Amino acid sequence: MEPHILRNPRHVGWIEVVCGSMFSGKTEELIRRMRRALIARQSVEIFKPALDTRFSREDVVSHDERTIPSTPVATASQIILLASKADVIGIDEAQFFGNELVDVCQQLAHDGKRVIVAGLDQDYLGRPFEPVPQLMAIAEFVTKLHAICVVCGAPANHSQRLSCGDERVQLGATDAYEPRCRDCFDPEEKQLTPPRPDETSVLRL
Ligand code: ZN
């Protein structure tokens, strides 16, 4: 459930986590909350990993044609420097920022900011994927979203990797994963088809 969107008179900050598997709609939910803050005349800004080239670096345009500034950053600490004027701070793809993001979010919330963090909570082996589990523990509000299992249609909690490699995340390689439920998820599943030639151009972290 989305928390109240208006800051209270004491300007107390807090942390919201939006997590789940790939294709669970985390970024959509982040942007939905940012748009609502924009409607409430709050100053908003989204930060995302600089290596994320999947999306345009242009601002996100809201339905009323106002824009949400979207800024690529190389490290979590840069968010502190760049977010000073924002009331509401969105952070997408949290899993790429590492554990440094935990202290950054704490500091922003202590400074009175509303911090909304979206990211994967598990890696392709089903292991808790820091820093999102740590952020879930310290957050005031946690929302776990689900995709739909492509095998059986159940709610999907896992990201099944379909390609080779043992990197924990393949940045930008959304076609290398599919959502699966607990029963259909198999981290040991062997790859059925070799990687396509165009996958060699995929950025890897
Ligand atoms: Zn399934």
# chains A, B, ... in the order shown; residues from 1 in each chain; ligands from 1
>>> select_by_dssp(residues="segment 10-119 of chain A", states="strand (DSSP E)", output="mmCIF file with N, CA, C and O atoms, in the first residue's frame")
data_model
loop_
_atom_site.group_PDB
_atom_site.id
_atom_site.type_symbol
_atom_site.label_atom_id
_atom_site.label_comp_id
_atom_site.auth_asym_id
_atom_site.auth_seq_id
_atom_site.Cartn_x
_atom_site.Cartn_y
_atom_site.Cartn_z
ATOM 1 N N TRP A 14 11.113 9.406 5.274
ATOM 2 C CA TRP A 14 10.972 7.958 5.427
ATOM 3 C C TRP A 14 11.453 7.255 4.159
ATOM 4 O O TRP A 14 11.736 7.904 3.151
ATOM 5 N N ILE A 15 11.525 5.942 4.261
ATOM 6 C CA ILE A 15 11.984 5.127 3.132
ATOM 7 C C ILE A 15 10.871 4.173 2.717
ATOM 8 O O ILE A 15 10.257 3.518 3.565
ATOM 9 N N GLU A 16 10.609 4.118 1.424
ATOM 10 C CA GLU A 16 9.694 3.128 0.846
ATOM 11 C C GLU A 16 10.501 2.218 -0.072
ATOM 12 O O GLU A 16 11.316 2.711 -0.841
ATOM 13 N N VAL A 17 10.255 0.920 -0.012
ATOM 14 C CA VAL A 17 10.910 -0.021 -0.912
ATOM 15 C C VAL A 17 9.849 -0.663 -1.809
ATOM 16 O O VAL A 17 8.811 -1.117 -1.316
ATOM 17 N N VAL A 18 10.097 -0.646 -3.093
ATOM 18 C CA VAL A 18 9.250 -1.349 -4.069
ATOM 19 C C VAL A 18 10.126 -2.439 -4.692
ATOM 20 O O VAL A 18 11.084 -2.136 -5.397
ATOM 21 N N CYS A 19 9.842 -3.697 -4.377
ATOM 22 C CA CYS A 19 10.737 -4.769 -4.819
ATOM 23 C C CYS A 19 9.952 -5.889 -5.493
ATOM 24 O O CYS A 19 8.725 -5.898 -5.500
ATOM 25 N N GLY A 20 10.683 -6.837 -6.032
ATOM 26 C CA GLY A 20 10.074 -7.975 -6.710
ATOM 27 C C GLY A 20 10.999 -8.510 -7.779
ATOM 28 O O GLY A 20 12.150 -8.072 -7.907
ATOM 29 N N VAL A 44 10.487 16.613 -7.134
ATOM 30 C CA VAL A 44 10.821 15.195 -7.247
ATOM 31 C C VAL A 44 12.024 14.992 -8.168
ATOM 32 O O VAL A 44 12.289 15.809 -9.058
ATOM 33 N N GLU A 45 12.730 13.899 -7.952
ATOM 34 C CA GLU A 45 13.823 13.540 -8.850
ATOM 35 C C GLU A 45 14.086 12.040 -8.754
ATOM 36 O O GLU A 45 14.070 11.465 -7.668
ATOM 37 N N ILE A 46 14.334 11.421 -9.918
ATOM 38 C CA ILE A 46 14.651 9.993 -9.974
ATOM 39 C C ILE A 46 16.137 9.818 -10.292
ATOM 40 O O ILE A 46 16.668 10.505 -11.164
ATOM 41 N N PHE A 47 16.772 8.914 -9.567
ATOM 42 C CA PHE A 47 18.162 8.562 -9.858
ATOM 43 C C PHE A 47 18.233 7.106 -10.279
ATOM 44 O O PHE A 47 17.491 6.267 -9.781
ATOM 45 N N LYS A 48 19.127 6.831 -11.218
ATOM 46 C CA LYS A 48 19.292 5.455 -11.684
ATOM 47 C C LYS A 48 20.766 5.231 -12.003
ATOM 48 O O LYS A 48 21.517 6.188 -12.177
ATOM 49 N N PRO A 49 21.195 3.961 -12.096
ATOM 50 C CA PRO A 49 22.615 3.705 -12.370
ATOM 51 C C PRO A 49 23.030 4.277 -13.715
ATOM 52 O O PRO A 49 22.294 4.159 -14.701
ATOM 53 N N VAL A 60 11.344 11.944 -17.385
ATOM 54 C CA VAL A 60 10.076 11.234 -17.491
ATOM 55 C C VAL A 60 8.967 12.277 -17.543
ATOM 56 O O VAL A 60 8.899 13.168 -16.698
ATOM 57 N N VAL A 61 8.112 12.195 -18.549
ATOM 58 C CA VAL A 61 7.043 13.180 -18.698
ATOM 59 C C VAL A 61 5.767 12.639 -18.043
ATOM 60 O O VAL A 61 5.319 11.541 -18.356
ATOM 61 N N THR A 67 7.502 17.347 -15.873
ATOM 62 C CA THR A 67 8.498 16.290 -16.011
ATOM 63 C C THR A 67 9.113 15.915 -14.663
ATOM 64 O O THR A 67 9.204 16.735 -13.745
ATOM 65 N N ILE A 68 9.511 14.668 -14.593
ATOM 66 C CA ILE A 68 10.260 14.171 -13.444
ATOM 67 C C ILE A 68 11.714 14.075 -13.878
ATOM 68 O O ILE A 68 12.036 13.288 -14.759
ATOM 69 N N SER A 70 15.253 12.818 -14.364
ATOM 70 C CA SER A 70 15.835 11.487 -14.201
ATOM 71 C C SER A 70 17.332 11.598 -14.451
ATOM 72 O O SER A 70 17.758 11.953 -15.538
ATOM 73 N N THR A 71 18.108 11.309 -13.424
ATOM 74 C CA THR A 71 19.538 11.575 -13.463
ATOM 75 C C THR A 71 20.339 10.288 -13.288
ATOM 76 O O THR A 71 20.220 9.627 -12.263
ATOM 77 N N PRO A 72 21.163 9.931 -14.278
ATOM 78 C CA PRO A 72 22.055 8.771 -14.097
ATOM 79 C C PRO A 72 23.208 9.144 -13.167
ATOM 80 O O PRO A 72 23.813 10.206 -13.319
ATOM 81 N N VAL A 73 23.507 8.269 -12.215
ATOM 82 C CA VAL A 73 24.635 8.501 -11.303
ATOM 83 C C VAL A 73 25.510 7.245 -11.265
ATOM 84 O O VAL A 73 25.021 6.123 -11.386
ATOM 85 N N VAL A 88 11.009 14.556 -2.757
ATOM 86 C CA VAL A 88 10.776 13.127 -2.959
ATOM 87 C C VAL A 88 11.843 12.595 -3.919
ATOM 88 O O VAL A 88 12.014 13.116 -5.025
ATOM 89 N N ILE A 89 12.548 11.569 -3.474
ATOM 90 C CA ILE A 89 13.666 11.032 -4.253
ATOM 91 C C ILE A 89 13.358 9.594 -4.648
ATOM 92 O O ILE A 89 13.113 8.744 -3.784
ATOM 93 N N GLY A 90 13.350 9.334 -5.942
ATOM 94 C CA GLY A 90 13.168 7.980 -6.437
ATOM 95 C C GLY A 90 14.505 7.388 -6.847
ATOM 96 O O GLY A 90 15.336 8.077 -7.444
ATOM 97 N N ILE A 91 14.734 6.139 -6.507
ATOM 98 C CA ILE A 91 15.967 5.457 -6.888
ATOM 99 C C ILE A 91 15.578 4.141 -7.553
ATOM 100 O O ILE A 91 14.942 3.294 -6.924
ATOM 101 N N ARG A 114 11.437 12.050 1.482
ATOM 102 C CA ARG A 114 10.716 10.804 1.201
ATOM 103 C C ARG A 114 11.529 10.073 0.135
ATOM 104 O O ARG A 114 11.726 10.602 -0.969
ATOM 105 N N VAL A 115 12.000 8.888 0.459
ATOM 106 C CA VAL A 115 12.879 8.127 -0.437
ATOM 107 C C VAL A 115 12.136 6.880 -0.906
ATOM 108 O O VAL A 115 11.672 6.081 -0.083
ATOM 109 N N ILE A 116 11.995 6.740 -2.218
ATOM 110 C CA ILE A 116 11.311 5.570 -2.791
ATOM 111 C C ILE A 116 12.344 4.785 -3.591
ATOM 112 O O ILE A 116 12.887 5.284 -4.574
ATOM 113 N N VAL A 117 12.624 3.565 -3.152
ATOM 114 C CA VAL A 117 13.669 2.751 -3.768
ATOM 115 C C VAL A 117 13.046 1.553 -4.451
ATOM 116 O O VAL A 117 12.281 0.806 -3.837
ATOM 117 N N ALA A 118 13.373 1.348 -5.723
ATOM 118 C CA ALA A 118 12.856 0.189 -6.461
ATOM 119 C C ALA A 118 14.020 -0.704 -6.865
ATOM 120 O O ALA A 118 15.070 -0.211 -7.293
ATOM 121 N N GLY A 119 13.867 -2.021 -6.712
ATOM 122 C CA GLY A 119 14.945 -2.907 -7.127
ATOM 123 C C GLY A 119 14.604 -4.371 -6.963
ATOM 124 O O GLY A 119 13.587 -4.738 -6.350
#
>>> residues_around(residues="Glu189 of chain A", least_positions_apart="3", cutoff="9 Å", atoms="only C-alpha atoms", output="list in words")
Gln160, Arg161, Leu162, Phe185, Asp186 and Leu192 of chain A
>>> residues_near_ligand(ligand="ligand 1", cutoff="9 Å", atoms="only C-alpha atoms and all ligand atoms", output="PyMOL selection string")
chain A and resi 148-156+179-185
>>> write_last_selection(atoms="C-alpha atoms", output="PDB file, in the first residue's frame")
ATOM      1  CA  ILE A 148       3.216 -13.588 -13.905  1.00  0.00           C
ATOM      2  CA  CYS A 149       4.935 -16.962 -14.280  1.00  0.00           C
ATOM      3  CA  VAL A 150       5.368 -17.542 -18.012  1.00  0.00           C
ATOM      4  CA  VAL A 151       5.171 -21.311 -17.498  1.00  0.00           C
ATOM      5  CA  CYS A 152       2.001 -21.711 -15.458  1.00  0.00           C
ATOM      6  CA  GLY A 153       0.420 -18.284 -14.935  1.00  0.00           C
ATOM      7  CA  ALA A 154       0.860 -18.139 -11.153  1.00  0.00           C
ATOM      8  CA  PRO A 155       2.217 -15.022  -9.432  1.00  0.00           C
ATOM      9  CA  ALA A 156       5.967 -15.002 -10.119  1.00  0.00           C
ATOM     10  CA  PRO A 179       9.472 -14.488 -14.494  1.00  0.00           C
ATOM     11  CA  ARG A 180       8.729 -17.809 -12.792  1.00  0.00           C
ATOM     12  CA  CYS A 181       6.793 -18.934  -9.716  1.00  0.00           C
ATOM     13  CA  ARG A 182       8.303 -20.980  -6.897  1.00  0.00           C
ATOM     14  CA  ASP A 183       7.422 -24.312  -8.515  1.00  0.00           C
ATOM     15  CA  CYS A 184       8.604 -23.426 -12.021  1.00  0.00           C
ATOM     16  CA  PHE A 185      11.762 -21.566 -10.955  1.00  0.00           C
TER      17      PHE A 185
END
>>> closest_residue(among="A:Asp92, A:Glu188, A:Glu167, A:Asp87", to="Asp123 of chain A", atoms="only C-alpha atoms")
A:Glu167
>>> atom_distance(atom1="atom CA of Leu145 of chain A", atom2="atom CA of His158 of chain A")
11.0 Å
>>> decode(residues="segment 66-78 of chain A", atoms="all heavy atoms", output="PDB file, in the first residue's frame")
ATOM      1  N   ARG A  66       4.137  17.885 -16.980  1.00  0.00           N
ATOM      2  CA  ARG A  66       5.298  18.269 -16.188  1.00  0.00           C
ATOM      3  C   ARG A  66       6.266  17.093 -16.192  1.00  0.00           C
ATOM      4  O   ARG A  66       5.897  15.970 -16.496  1.00  0.00           O
ATOM      5  CB  ARG A  66       4.887  18.642 -14.763  1.00  0.00           C
ATOM      6  CG  ARG A  66       4.228  20.008 -14.709  1.00  0.00           C
ATOM      7  CD  ARG A  66       3.903  20.425 -13.320  1.00  0.00           C
ATOM      8  NE  ARG A  66       2.849  19.588 -12.753  1.00  0.00           N
ATOM      9  CZ  ARG A  66       2.505  19.632 -11.473  1.00  0.00           C
ATOM     10  NH1 ARG A  66       3.132  20.407 -10.653  1.00  0.00           N
ATOM     11  NH2 ARG A  66       1.532  18.866 -11.038  1.00  0.00           N
ATOM     12  N   THR A  67       7.502  17.347 -15.873  1.00  0.00           N
ATOM     13  CA  THR A  67       8.498  16.290 -16.011  1.00  0.00           C
ATOM     14  C   THR A  67       9.113  15.915 -14.663  1.00  0.00           C
ATOM     15  O   THR A  67       9.204  16.735 -13.745  1.00  0.00           O
ATOM     16  CB  THR A  67       9.640  16.712 -16.952  1.00  0.00           C
ATOM     17  OG1 THR A  67      10.277  17.871 -16.414  1.00  0.00           O
ATOM     18  CG2 THR A  67       9.114  17.013 -18.342  1.00  0.00           C
ATOM     19  N   ILE A  68       9.511  14.668 -14.593  1.00  0.00           N
ATOM     20  CA  ILE A  68      10.260  14.171 -13.444  1.00  0.00           C
ATOM     21  C   ILE A  68      11.714  14.075 -13.878  1.00  0.00           C
ATOM     22  O   ILE A  68      12.036  13.288 -14.759  1.00  0.00           O
ATOM     23  CB  ILE A  68       9.749  12.788 -13.001  1.00  0.00           C
ATOM     24  CG1 ILE A  68       8.249  12.843 -12.673  1.00  0.00           C
ATOM     25  CG2 ILE A  68      10.549  12.290 -11.808  1.00  0.00           C
ATOM     26  CD1 ILE A  68       7.642  11.469 -12.412  1.00  0.00           C
ATOM     27  N   PRO A  69      12.596  14.869 -13.300  1.00  0.00           N
ATOM     28  CA  PRO A  69      14.003  14.787 -13.696  1.00  0.00           C
ATOM     29  C   PRO A  69      14.559  13.397 -13.396  1.00  0.00           C
ATOM     30  O   PRO A  69      14.332  12.838 -12.337  1.00  0.00           O
ATOM     31  CB  PRO A  69      14.694  15.843 -12.817  1.00  0.00           C
ATOM     32  CG  PRO A  69      13.583  16.712 -12.315  1.00  0.00           C
ATOM     33  CD  PRO A  69      12.366  15.861 -12.253  1.00  0.00           C
ATOM     34  N   SER A  70      15.253  12.818 -14.364  1.00  0.00           N
ATOM     35  CA  SER A  70      15.835  11.487 -14.201  1.00  0.00           C
ATOM     36  C   SER A  70      17.332  11.598 -14.451  1.00  0.00           C
ATOM     37  O   SER A  70      17.758  11.953 -15.538  1.00  0.00           O
ATOM     38  CB  SER A  70      15.197  10.517 -15.194  1.00  0.00           C
ATOM     39  OG  SER A  70      15.763   9.244 -15.064  1.00  0.00           O
ATOM     40  N   THR A  71      18.108  11.309 -13.424  1.00  0.00           N
ATOM     41  CA  THR A  71      19.538  11.575 -13.463  1.00  0.00           C
ATOM     42  C   THR A  71      20.339  10.288 -13.288  1.00  0.00           C
ATOM     43  O   THR A  71      20.220   9.627 -12.263  1.00  0.00           O
ATOM     44  CB  THR A  71      19.930  12.553 -12.325  1.00  0.00           C
ATOM     45  OG1 THR A  71      19.106  13.715 -12.416  1.00  0.00           O
ATOM     46  CG2 THR A  71      21.391  12.942 -12.418  1.00  0.00           C
ATOM     47  N   PRO A  72      21.163   9.931 -14.278  1.00  0.00           N
ATOM     48  CA  PRO A  72      22.055   8.771 -14.097  1.00  0.00           C
ATOM     49  C   PRO A  72      23.208   9.144 -13.167  1.00  0.00           C
ATOM     50  O   PRO A  72      23.813  10.206 -13.319  1.00  0.00           O
ATOM     51  CB  PRO A  72      22.579   8.503 -15.512  1.00  0.00           C
ATOM     52  CG  PRO A  72      21.830   9.415 -16.427  1.00  0.00           C
ATOM     53  CD  PRO A  72      21.317  10.533 -15.606  1.00  0.00           C
ATOM     54  N   VAL A  73      23.507   8.269 -12.215  1.00  0.00           N
ATOM     55  CA  VAL A  73      24.635   8.501 -11.303  1.00  0.00           C
ATOM     56  C   VAL A  73      25.510   7.245 -11.265  1.00  0.00           C
ATOM     57  O   VAL A  73      25.021   6.123 -11.386  1.00  0.00           O
ATOM     58  CB  VAL A  73      24.170   8.864  -9.877  1.00  0.00           C
ATOM     59  CG1 VAL A  73      23.533  10.241  -9.855  1.00  0.00           C
ATOM     60  CG2 VAL A  73      23.209   7.823  -9.329  1.00  0.00           C
ATOM     61  N   ALA A  74      26.813   7.471 -11.064  1.00  0.00           N
ATOM     62  CA  ALA A  74      27.747   6.349 -11.060  1.00  0.00           C
ATOM     63  C   ALA A  74      27.798   5.653  -9.708  1.00  0.00           C
ATOM     64  O   ALA A  74      28.014   4.447  -9.624  1.00  0.00           O
ATOM     65  CB  ALA A  74      29.137   6.831 -11.451  1.00  0.00           C
ATOM     66  N   THR A  75      27.604   6.414  -8.640  1.00  0.00           N
ATOM     67  CA  THR A  75      27.652   5.833  -7.292  1.00  0.00           C
ATOM     68  C   THR A  75      26.494   6.366  -6.471  1.00  0.00           C
ATOM     69  O   THR A  75      25.956   7.450  -6.731  1.00  0.00           O
ATOM     70  CB  THR A  75      28.957   6.190  -6.567  1.00  0.00           C
ATOM     71  OG1 THR A  75      28.992   7.611  -6.355  1.00  0.00           O
ATOM     72  CG2 THR A  75      30.176   5.766  -7.378  1.00  0.00           C
ATOM     73  N   ALA A  76      26.139   5.612  -5.419  1.00  0.00           N
ATOM     74  CA  ALA A  76      25.031   6.022  -4.560  1.00  0.00           C
ATOM     75  C   ALA A  76      25.314   7.346  -3.866  1.00  0.00           C
ATOM     76  O   ALA A  76      24.414   8.162  -3.664  1.00  0.00           O
ATOM     77  CB  ALA A  76      24.750   4.920  -3.537  1.00  0.00           C
ATOM     78  N   SER A  77      26.577   7.577  -3.505  1.00  0.00           N
ATOM     79  CA  SER A  77      26.889   8.796  -2.751  1.00  0.00           C
ATOM     80  C   SER A  77      26.614  10.055  -3.560  1.00  0.00           C
ATOM     81  O   SER A  77      26.362  11.121  -2.988  1.00  0.00           O
ATOM     82  CB  SER A  77      28.348   8.774  -2.278  1.00  0.00           C
ATOM     83  OG  SER A  77      29.210   8.656  -3.387  1.00  0.00           O
ATOM     84  N   GLN A  78      26.645   9.952  -4.876  1.00  0.00           N
ATOM     85  CA  GLN A  78      26.348  11.122  -5.709  1.00  0.00           C
ATOM     86  C   GLN A  78      24.906  11.584  -5.534  1.00  0.00           C
ATOM     87  O   GLN A  78      24.590  12.748  -5.772  1.00  0.00           O
ATOM     88  CB  GLN A  78      26.619  10.796  -7.180  1.00  0.00           C
ATOM     89  CG  GLN A  78      28.096  10.622  -7.483  1.00  0.00           C
ATOM     90  CD  GLN A  78      28.341  10.243  -8.937  1.00  0.00           C
ATOM     91  OE1 GLN A  78      27.480   9.689  -9.601  1.00  0.00           O
ATOM     92  NE2 GLN A  78      29.538  10.542  -9.425  1.00  0.00           N
TER      93      GLN A  78
END
